[in-house]
$ cat structure_14.txt   # compact mmCIF, C-alpha atoms
# COMPACT_ATOMS: atom_id res chain seq x y z
CA MET M 134 6.11 -82.39 42.02
CA SER M 135 4.74 -80.34 39.17
CA ASP M 136 1.67 -80.42 36.97
CA LYS M 137 3.35 -78.61 34.12
CA VAL M 138 4.43 -80.22 30.87
CA ALA M 139 5.25 -78.96 27.37
CA VAL M 140 4.37 -81.17 24.43
CA VAL M 141 6.66 -80.13 21.61
CA MET M 142 5.47 -81.23 18.16
CA ARG M 143 8.40 -81.19 15.74
CA LYS M 144 7.42 -83.92 13.28
CA ALA M 145 5.15 -83.97 10.25
CA PRO M 146 1.90 -85.97 10.35
CA TYR M 147 1.02 -89.27 8.55
CA GLY M 148 4.59 -90.22 7.52
CA SER M 149 5.14 -91.47 11.05
CA VAL M 150 3.00 -92.05 14.12
CA TYR M 151 4.37 -89.26 16.29
CA THR M 152 1.82 -86.52 15.54
CA ALA M 153 -1.04 -88.90 16.27
CA GLU M 154 0.60 -90.06 19.49
CA GLY M 155 1.48 -86.50 20.47
CA PHE M 156 -2.16 -85.57 20.12
CA ARG M 157 -3.27 -88.66 22.05
CA THR M 158 -0.77 -87.82 24.79
CA ILE M 159 -2.03 -84.25 25.11
CA MET M 160 -5.61 -85.46 25.46
CA GLY M 161 -4.78 -88.45 27.66
CA VAL M 162 -2.65 -86.44 30.04
CA ALA M 163 -4.99 -83.41 30.05
CA VAL M 164 -7.77 -85.61 31.45
CA PHE M 165 -5.57 -85.96 34.53
CA GLU M 166 -5.46 -82.20 34.96
CA MET M 167 -1.93 -81.49 33.87
CA ASP M 168 -1.07 -77.93 32.86
CA ILE M 169 -0.09 -78.45 29.21
CA SER M 170 1.61 -76.13 26.75
CA VAL M 171 1.49 -77.32 23.14
CA VAL M 172 4.31 -76.07 20.90
CA PHE M 173 4.35 -76.46 17.10
CA LEU M 174 7.88 -76.21 15.80
CA ASP M 175 9.80 -77.24 12.65
CA ASP M 176 7.72 -79.80 10.68
CA GLY M 177 5.39 -79.98 13.68
CA VAL M 178 3.58 -76.93 12.26
CA TYR M 179 2.25 -79.25 9.54
CA ALA M 180 0.40 -81.18 12.26
CA ALA M 181 -1.87 -78.17 12.70
CA VAL M 182 -2.45 -76.98 9.13
CA LYS M 183 -6.02 -76.75 7.87
CA GLY M 184 -7.40 -78.95 5.14
CA GLN M 185 -5.92 -82.34 6.00
CA HIS M 186 -7.78 -85.14 4.22
CA PRO M 187 -6.14 -88.52 4.79
CA GLU M 188 -9.29 -90.44 3.76
CA LYS M 189 -7.53 -92.04 0.77
CA LEU M 190 -4.84 -93.27 3.14
CA ASP M 191 -7.55 -94.77 5.31
CA MET M 192 -6.23 -92.75 8.24
CA LYS M 193 -7.94 -90.36 10.63
CA PRO M 194 -7.43 -86.62 10.10
CA LEU M 195 -5.04 -85.36 12.76
CA GLY M 196 -5.58 -81.60 12.49
CA ASP M 197 -9.27 -81.76 13.41
CA GLY M 198 -8.57 -82.80 16.97
CA PHE M 199 -6.58 -79.78 18.14
CA PRO M 200 -9.48 -77.27 18.33
CA MET M 201 -11.44 -79.58 20.63
CA LEU M 202 -8.59 -79.86 23.12
CA GLY M 203 -9.96 -76.71 24.73
CA ASP M 204 -12.80 -78.86 26.09
CA PHE M 205 -10.14 -80.82 27.97
CA GLY M 206 -8.63 -77.70 29.48
CA VAL M 207 -5.78 -77.39 26.97
CA LYS M 208 -5.68 -73.71 26.06
CA LYS M 209 -2.03 -72.89 25.53
CA PHE M 210 -0.95 -73.32 21.91
CA TYR M 211 2.23 -71.79 20.56
CA VAL M 212 3.73 -71.82 17.08
CA HIS M 213 7.29 -70.91 16.15
CA ASP M 214 7.45 -67.81 13.92
CA GLU M 215 10.49 -68.95 11.90
CA SER M 216 9.09 -72.44 11.33
CA LEU M 217 5.88 -70.95 9.91
CA ALA M 218 7.76 -68.48 7.70
CA ALA M 219 10.16 -71.13 6.42
CA ARG M 220 7.16 -73.14 5.21
CA GLY M 221 5.32 -70.23 3.64
CA LEU M 222 2.59 -70.41 6.26
CA THR M 223 0.91 -67.98 8.62
CA VAL M 224 -1.04 -68.64 11.79
CA ASP M 225 -4.26 -68.28 9.71
CA ASP M 226 -3.32 -71.54 7.98
CA LEU M 227 -3.57 -73.39 11.30
CA VAL M 228 -6.59 -75.13 12.84
CA VAL M 229 -6.01 -73.43 16.20
CA PRO M 230 -5.36 -69.75 16.99
CA ALA M 231 -1.90 -70.45 18.36
CA GLU M 232 0.23 -67.65 19.75
CA VAL M 233 3.09 -66.92 17.35
CA VAL M 234 6.32 -66.98 19.34
CA SER M 235 10.06 -66.53 18.80
CA SER M 236 12.83 -69.06 19.49
CA ALA M 237 13.62 -67.31 22.77
CA GLU M 238 9.97 -67.52 23.85
CA ILE M 239 9.85 -71.24 23.04
CA ALA M 240 12.93 -71.80 25.19
CA LYS M 241 11.18 -69.89 27.98
CA ILE M 242 7.94 -71.89 27.65
CA MET M 243 9.86 -75.18 27.79
CA GLY M 244 11.98 -73.95 30.67
CA GLU M 245 8.92 -72.93 32.69
CA SER M 246 7.24 -76.27 31.98
CA GLY M 247 10.31 -78.19 33.14
CA LYS M 248 9.23 -81.39 31.42
CA VAL M 249 9.23 -81.71 27.66
CA LEU M 250 7.55 -84.50 25.71
CA PRO M 251 8.81 -84.57 22.12
CA PHE M 252 6.59 -85.81 19.26
CA MET U 199 16.25 -87.00 42.78
CA LYS U 200 13.20 -88.62 41.18
CA ILE U 201 13.57 -89.32 37.48
CA GLY U 202 10.92 -90.47 34.99
CA VAL U 203 11.83 -92.06 31.65
CA MET U 204 9.87 -92.69 28.44
CA VAL U 205 10.87 -94.90 25.50
CA LEU U 206 9.25 -94.41 22.08
CA GLU U 207 10.96 -97.10 19.99
CA GLY U 208 11.00 -100.87 19.92
CA PRO U 209 13.82 -103.36 20.43
CA TYR U 210 16.89 -103.65 18.14
CA GLN U 211 15.47 -101.36 15.41
CA HIS U 212 16.66 -98.20 17.20
CA GLN U 213 19.11 -97.46 20.00
CA ALA U 214 16.51 -95.66 22.14
CA VAL U 215 15.73 -98.46 24.59
CA ASP U 216 19.44 -99.28 24.98
CA SER U 217 20.21 -95.65 25.76
CA ALA U 218 17.34 -95.59 28.25
CA TYR U 219 18.63 -98.77 29.92
CA HIS U 220 22.18 -97.41 30.34
CA PHE U 221 20.82 -94.08 31.54
CA VAL U 222 18.60 -95.77 34.14
CA GLN U 223 21.50 -97.90 35.42
CA ALA U 224 23.75 -94.85 35.72
CA ALA U 225 21.01 -92.86 37.45
CA ARG U 226 20.49 -95.60 40.03
CA ALA U 227 24.25 -95.87 40.56
CA ARG U 228 24.20 -92.18 41.46
CA GLY U 229 21.46 -92.82 44.01
CA HIS U 230 18.44 -91.56 42.10
CA GLU U 231 14.98 -93.05 42.18
CA ILE U 232 13.42 -94.01 38.84
CA VAL U 233 9.75 -93.19 39.42
CA GLY U 234 8.75 -95.03 36.28
CA LEU U 235 9.73 -96.20 32.83
CA PHE U 236 6.91 -95.68 30.35
CA LEU U 237 6.98 -97.75 27.15
CA TYR U 238 5.02 -95.82 24.55
CA THR U 239 4.21 -96.35 20.83
CA ASP U 240 6.54 -99.07 19.45
CA GLY U 241 8.28 -99.01 22.84
CA VAL U 242 5.68 -101.52 24.06
CA ASN U 243 7.38 -104.19 21.93
CA ASN U 244 10.32 -104.11 24.32
CA ALA U 245 8.08 -105.99 26.77
CA ASN U 246 7.83 -109.13 24.62
CA ARG U 247 8.90 -112.16 26.64
CA PHE U 248 9.48 -114.23 23.49
CA ILE U 249 12.43 -112.07 22.46
CA LYS U 250 15.34 -114.51 22.02
CA PRO U 251 18.27 -112.86 20.25
CA PRO U 252 21.01 -115.40 19.47
CA GLY U 253 24.24 -114.24 21.10
CA GLU U 254 23.01 -110.67 21.72
CA ARG U 255 21.75 -108.62 24.63
CA ASN U 256 18.21 -109.60 25.55
CA ILE U 257 16.32 -106.33 25.79
CA SER U 258 13.06 -107.58 27.31
CA GLN U 259 14.97 -109.68 29.84
CA ARG U 260 17.03 -106.64 30.84
CA LEU U 261 13.84 -104.65 31.40
CA ASP U 262 12.30 -107.55 33.28
CA GLU U 263 15.31 -107.52 35.61
CA LEU U 264 14.92 -103.79 36.20
CA GLY U 265 11.25 -104.41 36.95
CA ALA U 266 12.12 -107.22 39.35
CA GLU U 267 14.49 -104.83 41.11
CA GLY U 268 11.57 -102.53 41.80
CA ILE U 269 11.38 -100.10 38.88
CA ASP U 270 7.80 -99.54 37.79
CA ILE U 271 7.85 -100.34 34.06
CA VAL U 272 4.60 -99.67 32.25
CA ALA U 273 3.64 -100.49 28.67
CA CYS U 274 0.89 -98.25 27.27
CA THR U 275 -2.33 -100.26 27.02
CA ALA U 276 -3.66 -98.63 23.85
CA CYS U 277 -0.27 -98.88 22.06
CA SER U 278 -0.17 -102.54 23.07
CA LYS U 279 -3.59 -103.14 21.52
CA PHE U 280 -2.52 -101.46 18.30
CA ARG U 281 0.49 -103.78 18.12
CA GLY U 282 -1.01 -107.03 19.34
CA MET U 283 1.15 -106.96 22.46
CA ARG U 284 -1.20 -109.04 24.60
CA PRO U 285 -0.71 -109.08 28.39
CA ASP U 286 0.28 -112.77 28.24
CA LEU U 287 3.14 -111.92 25.84
CA LYS U 288 4.79 -109.61 28.34
CA VAL U 289 7.68 -110.36 30.64
CA GLU U 290 6.59 -110.72 34.24
CA HIS U 291 7.75 -107.41 35.67
CA ILE U 292 6.25 -105.05 33.13
CA ARG U 293 2.64 -104.06 33.60
CA MET U 294 0.16 -102.38 31.31
CA SER U 295 -1.57 -99.10 32.01
CA GLY U 296 -2.84 -95.98 30.30
CA LEU U 297 -1.81 -92.37 29.92
CA GLY U 298 -2.98 -91.65 33.47
CA GLN U 299 0.11 -93.54 34.54
CA LEU U 300 2.28 -91.33 32.33
CA ALA U 301 0.61 -88.31 33.94
CA SER U 302 1.50 -89.59 37.42
CA PHE U 303 5.10 -90.31 36.42
CA LEU U 304 5.32 -86.77 35.04
CA ARG U 305 3.82 -85.32 38.19
CA GLU U 306 5.99 -87.30 40.56
CA ALA U 307 9.31 -86.84 38.74
CA ASP U 308 11.77 -84.01 39.30
CA ARG U 309 13.19 -84.72 35.84
CA PHE U 310 11.73 -86.49 32.84
CA VAL U 311 13.81 -87.91 29.98
CA THR U 312 12.47 -89.29 26.68
CA PHE U 313 14.41 -91.62 24.39
CA GLY U 314 13.16 -92.17 20.84
CA ASP U 315 13.76 -91.69 17.14
CA MET G 282 17.67 -76.71 30.18
CA LEU G 283 19.74 -79.54 28.69
CA TYR G 284 19.15 -80.03 24.95
CA THR G 285 19.81 -83.62 23.88
CA ILE G 286 20.42 -84.44 20.21
CA ASN G 287 20.55 -87.98 18.85
CA LYS G 288 20.65 -87.43 15.08
CA SER G 289 23.58 -86.98 12.72
CA PRO G 290 23.75 -83.39 11.43
CA PHE G 291 24.12 -84.92 7.96
CA SER G 292 20.67 -86.52 8.02
CA THR G 293 18.36 -84.08 9.85
CA ASN G 294 18.29 -80.44 10.91
CA ASN G 295 17.79 -81.40 14.57
CA LEU G 296 21.15 -80.04 15.70
CA GLU G 297 20.60 -76.74 13.90
CA SER G 298 17.04 -76.55 15.20
CA ALA G 299 18.06 -77.18 18.81
CA LEU G 300 20.90 -74.64 18.56
CA GLY G 301 18.40 -72.13 17.18
CA ILE G 302 16.17 -72.50 20.24
CA ALA G 303 18.66 -73.13 23.06
CA PRO G 304 19.40 -69.88 24.92
CA ALA G 305 23.02 -68.90 25.58
CA GLY G 306 24.46 -70.98 28.38
CA ALA G 307 22.18 -73.98 27.84
CA PRO G 308 24.18 -77.21 27.67
CA ILE G 309 24.00 -79.37 24.54
CA LEU G 310 24.43 -83.15 24.72
CA LEU G 311 25.21 -85.17 21.58
CA TYR G 312 24.44 -88.90 21.93
CA GLU G 313 23.50 -91.88 19.69
CA ASP G 314 23.95 -90.66 16.07
CA GLY G 315 24.13 -87.12 17.43
CA VAL G 316 27.81 -87.70 18.21
CA TYR G 317 28.67 -87.34 14.49
CA GLY G 318 28.12 -83.63 15.10
CA ALA G 319 31.05 -83.62 17.54
CA VAL G 320 33.64 -84.82 15.02
CA GLU G 321 36.28 -82.38 13.83
CA GLY G 322 37.00 -81.74 10.16
CA THR G 323 33.48 -82.47 8.87
CA ARG G 324 31.25 -80.19 6.86
CA SER G 325 29.02 -79.84 9.94
CA ALA G 326 31.79 -79.10 12.44
CA ALA G 327 31.25 -75.35 12.10
CA LEU G 328 27.84 -75.72 13.77
CA ILE G 329 29.34 -77.01 17.01
CA GLN G 330 32.42 -74.79 16.77
CA ALA G 331 30.11 -71.76 16.65
CA ALA G 332 27.88 -73.17 19.40
CA LEU G 333 30.85 -73.57 21.74
CA SER G 334 31.09 -69.81 22.22
CA ASP G 335 27.57 -69.82 23.73
CA HIS G 336 27.06 -73.32 25.11
CA PRO G 337 28.89 -76.05 26.96
CA VAL G 338 28.81 -79.01 24.52
CA PHE G 339 29.06 -82.64 25.59
CA ALA G 340 29.34 -85.90 23.64
CA LEU G 341 28.62 -89.35 25.03
CA GLU G 342 31.76 -91.49 25.16
CA ALA G 343 30.06 -94.87 24.61
CA ASP G 344 28.41 -93.61 21.42
CA LEU G 345 31.64 -92.05 20.10
CA GLU G 346 33.60 -95.24 20.77
CA ALA G 347 30.93 -97.49 19.27
CA ARG G 348 31.15 -95.50 16.04
CA GLY G 349 34.96 -95.37 15.90
CA LEU G 350 35.04 -91.61 16.44
CA SER G 351 38.09 -90.29 18.25
CA LYS G 352 38.76 -86.87 16.72
CA VAL G 353 36.41 -84.65 18.67
CA ILE G 354 36.17 -80.89 18.12
CA ASP G 355 38.31 -78.92 20.61
CA GLY G 356 36.17 -77.78 23.51
CA VAL G 357 33.59 -80.58 23.28
CA GLN G 358 33.59 -82.44 26.59
CA VAL G 359 33.42 -86.22 26.35
CA ILE G 360 31.32 -87.68 29.16
CA ASP G 361 30.09 -91.14 30.19
CA TYR G 362 26.57 -92.09 31.29
CA ASP G 363 27.43 -90.98 34.82
CA GLY G 364 28.15 -87.54 33.36
CA PHE G 365 24.86 -87.65 31.41
CA VAL G 366 22.99 -88.26 34.68
CA GLU G 367 24.96 -85.46 36.35
CA LEU G 368 23.76 -83.05 33.63
CA VAL G 369 20.18 -84.22 34.21
CA GLU G 370 20.63 -83.52 37.93
CA GLN G 371 21.54 -79.95 37.06
CA HIS G 372 19.01 -79.29 34.28
CA ASP G 373 15.57 -80.14 33.00
CA VAL G 374 15.71 -81.97 29.70
CA ALA G 375 14.54 -80.91 26.23
CA PRO G 376 14.89 -84.02 24.04
CA TRP G 377 15.29 -82.95 20.40
CA LEU G 378 14.24 -86.23 18.77

$ encode --input "structure_14.txt" --output "structure tokens"
Amino acid sequence: MSDKVAVVMRKAPYGSVYTAEGFRTIMGVAVFEMDISVVFLDDGVYAAVKGQHPEKLDMKPLGDGFPMLGDFGVKKFYVHDESLAARGLTVDDLVVPAEVVSSAEIAKIMGESGKVLPF
Amino acid sequence: MKIGVMVLEGPYQHQAVDSAYHFVQAARARGHEIVGLFLYTDGVNNANRFIKPPGERNISQRLDELGAEGIDIVACTACSKFRGMRPDLKVEHIRMSGLGQLASFLREADRFVTFGD
Amino acid sequence: MLYTINKSPFSTNNLESALGIAPAGAPILLYEDGVYGAVEGTRSAALIQAALSDHPVFALEADLEARGLSKVIDGVQVIDYDGFVELVEQHDVAPWL
């Protein structure tokens, strides 16, 4: 029995449904008072970049939702340092003030959560 | 040990649900309890009772059998709406519920395994 | 934690990514198309050969056999679904989809 879970976002938004479902999972599960850590890794960092405008695709913007997750008790956001650097991004390019963490720290966060939901 | 499982892909298109099925069978053979099998995103399509593959494994029937044997198999309600997977299209032993059910599977399970693309 | 990889190393960077995060000692399981990473003599074999000094590496027998793969890198342990479950008994799971 544990309330902890890590949602690990590794995929880019819009090209597939996973970012949208990852976000929906975070919100849907947070309502039930789970202790959630959100990790942006690999192409998952693109899920949280500022300035997403999918209006011409007739889709809903996915980045906008992350800042309001705090209202649902989701406060722990982490982003992988190497994934940001590889994409020419910094944490200032993201919609949430995520903590910039190393590979070893991500392993630790996942290990402490015990359960990992990949999106 | 209590094990929860989630499937993110539909039938035949991807191996995910097959892997999940074999994993669940092996886990039960080793005496573990499957606290729940959550069908999420396209995974809800695995619940379709009209699946009739000529000469091939019947994925929804296999899941239905697992359900009949007492495994709680849940297709996400919202994902089902998005995909037109109406309750009357489902096999008998899969029910629909929301993310609260996923939260309880997560809470109850000692281990949680996701199969997907 | 058990890191599970289901993609061919020729089509995604998932194997590399998981190996970059997995701490020394963490077991790696290759299954579905992930088993292509376990084959000897490929351009990607070096990834697993290097990983073997830090990690126990497993490949799922049913997925190897289905794909006609018999030449597995020395040191990679071939396991069946029973062995997969045994790993899950011992470790939490980080699925690298």

$ atom_distance --input "structure_14.txt" --atom1 "CA of Ile292 (chain U)" --atom2 "CA of Gly161 (chain M)"
20.7 Å

$ residues_around --input "structure_14.txt" --residues "region 361-372 of chain G" --least-positions-apart "6" --cutoff "10 Å" --atoms "all atoms listed in the file" --output "ChimeraX atom specification"
/M:244,247 /U:199-201,217,220-228,230,308-311 /G:282-285,307-310,312,339-344

$ closest_residue --input "structure_14.txt" --among "M:Pro200, M:Pro187, M:Gly155, M:Pro194" --to "Ala231 (chain M)" --atoms "all atoms listed in the file"
M:Pro200

$ atom_distance --input "structure_14.txt" --atom1 "CA of Ala237 (chain M)" --atom2 "CA of Ala305 (chain G)"
9.9 Å

$ closest_residue --input "structure_14.txt" --among "M:Asp204, M:Ile169, M:Leu174, M:Lys193" --to "chain G" --atoms "only C-alpha atoms"
M:Leu174

$ residues_around --input "structure_14.txt" --residues "Pro230 (chain M)" --least-positions-apart "3" --cutoff "10 Å" --atoms "all atoms listed in the file" --output "number ranges by chain"
M: 200, 208-212, 224-227, 233

$ interface_residues --input "structure_14.txt" --of "chain G" --to "chain M" --cutoff "6 Å" --atoms "only C-alpha atoms" --output "VMD selection string"
chain G and resid 302 373 375

$ residues_around --input "structure_14.txt" --residues "Lys250 (chain U)" --least-positions-apart "5" --cutoff "12 Å" --atoms "only C-alpha atoms" --output "ChimeraX atom specification"
/U:209-210,244,255-260

$ atom_distance --input "structure_14.txt" --atom1 "CA of Cys274 (chain U)" --atom2 "CA of Ala163 (chain M)"
16.2 Å

$ build_atoms --input "structure_14.txt" --residues "region 341-353 of chain G" --atoms "N, CA and C atoms" --output "PDB file, in the coordinates of the input"
ATOM      1  N   LEU G 341      28.646 -88.129  24.221  1.00  0.00           N
ATOM      2  CA  LEU G 341      28.620 -89.350  25.030  1.00  0.00           C
ATOM      3  C   LEU G 341      29.688 -90.336  24.541  1.00  0.00           C
ATOM      4  N   GLU G 342      30.583 -90.664  25.474  1.00  0.00           N
ATOM      5  CA  GLU G 342      31.760 -91.490  25.160  1.00  0.00           C
ATOM      6  C   GLU G 342      31.380 -92.833  24.517  1.00  0.00           C
ATOM      7  N   ALA G 343      30.413 -93.537  25.108  1.00  0.00           N
ATOM      8  CA  ALA G 343      30.060 -94.870  24.610  1.00  0.00           C
ATOM      9  C   ALA G 343      29.608 -94.804  23.146  1.00  0.00           C
ATOM     10  N   ASP G 344      28.897 -93.738  22.791  1.00  0.00           N
ATOM     11  CA  ASP G 344      28.410 -93.610  21.420  1.00  0.00           C
ATOM     12  C   ASP G 344      29.525 -93.206  20.461  1.00  0.00           C
ATOM     13  N   LEU G 345      30.463 -92.380  20.931  1.00  0.00           N
ATOM     14  CA  LEU G 345      31.640 -92.050  20.100  1.00  0.00           C
ATOM     15  C   LEU G 345      32.451 -93.307  19.836  1.00  0.00           C
ATOM     16  N   GLU G 346      32.754 -94.044  20.903  1.00  0.00           N
ATOM     17  CA  GLU G 346      33.600 -95.240  20.770  1.00  0.00           C
ATOM     18  C   GLU G 346      32.944 -96.286  19.887  1.00  0.00           C
ATOM     19  N   ALA G 347      31.652 -96.481  20.071  1.00  0.00           N
ATOM     20  CA  ALA G 347      30.930 -97.490  19.270  1.00  0.00           C
ATOM     21  C   ALA G 347      31.093 -97.204  17.786  1.00  0.00           C
ATOM     22  N   ARG G 348      31.133 -95.902  17.445  1.00  0.00           N
ATOM     23  CA  ARG G 348      31.150 -95.500  16.040  1.00  0.00           C
ATOM     24  C   ARG G 348      32.564 -95.240  15.516  1.00  0.00           C
ATOM     25  N   GLY G 349      33.573 -95.542  16.339  1.00  0.00           N
ATOM     26  CA  GLY G 349      34.960 -95.370  15.900  1.00  0.00           C
ATOM     27  C   GLY G 349      35.360 -93.915  15.753  1.00  0.00           C
ATOM     28  N   LEU G 350      34.768 -93.048  16.549  1.00  0.00           N
ATOM     29  CA  LEU G 350      35.040 -91.610  16.440  1.00  0.00           C
ATOM     30  C   LEU G 350      35.981 -91.186  17.570  1.00  0.00           C
ATOM     31  N   SER G 351      37.159 -90.704  17.203  1.00  0.00           N
ATOM     32  CA  SER G 351      38.090 -90.290  18.250  1.00  0.00           C
ATOM     33  C   SER G 351      38.497 -88.831  18.110  1.00  0.00           C
ATOM     34  N   LYS G 352      38.335 -88.260  16.908  1.00  0.00           N
ATOM     35  CA  LYS G 352      38.760 -86.870  16.720  1.00  0.00           C
ATOM     36  C   LYS G 352      37.594 -85.935  16.996  1.00  0.00           C
ATOM     37  N   VAL G 353      37.529 -85.495  18.248  1.00  0.00           N
ATOM     38  CA  VAL G 353      36.410 -84.650  18.670  1.00  0.00           C
ATOM     39  C   VAL G 353      36.840 -83.186  18.619  1.00  0.00           C
TER      40      VAL G 353
END
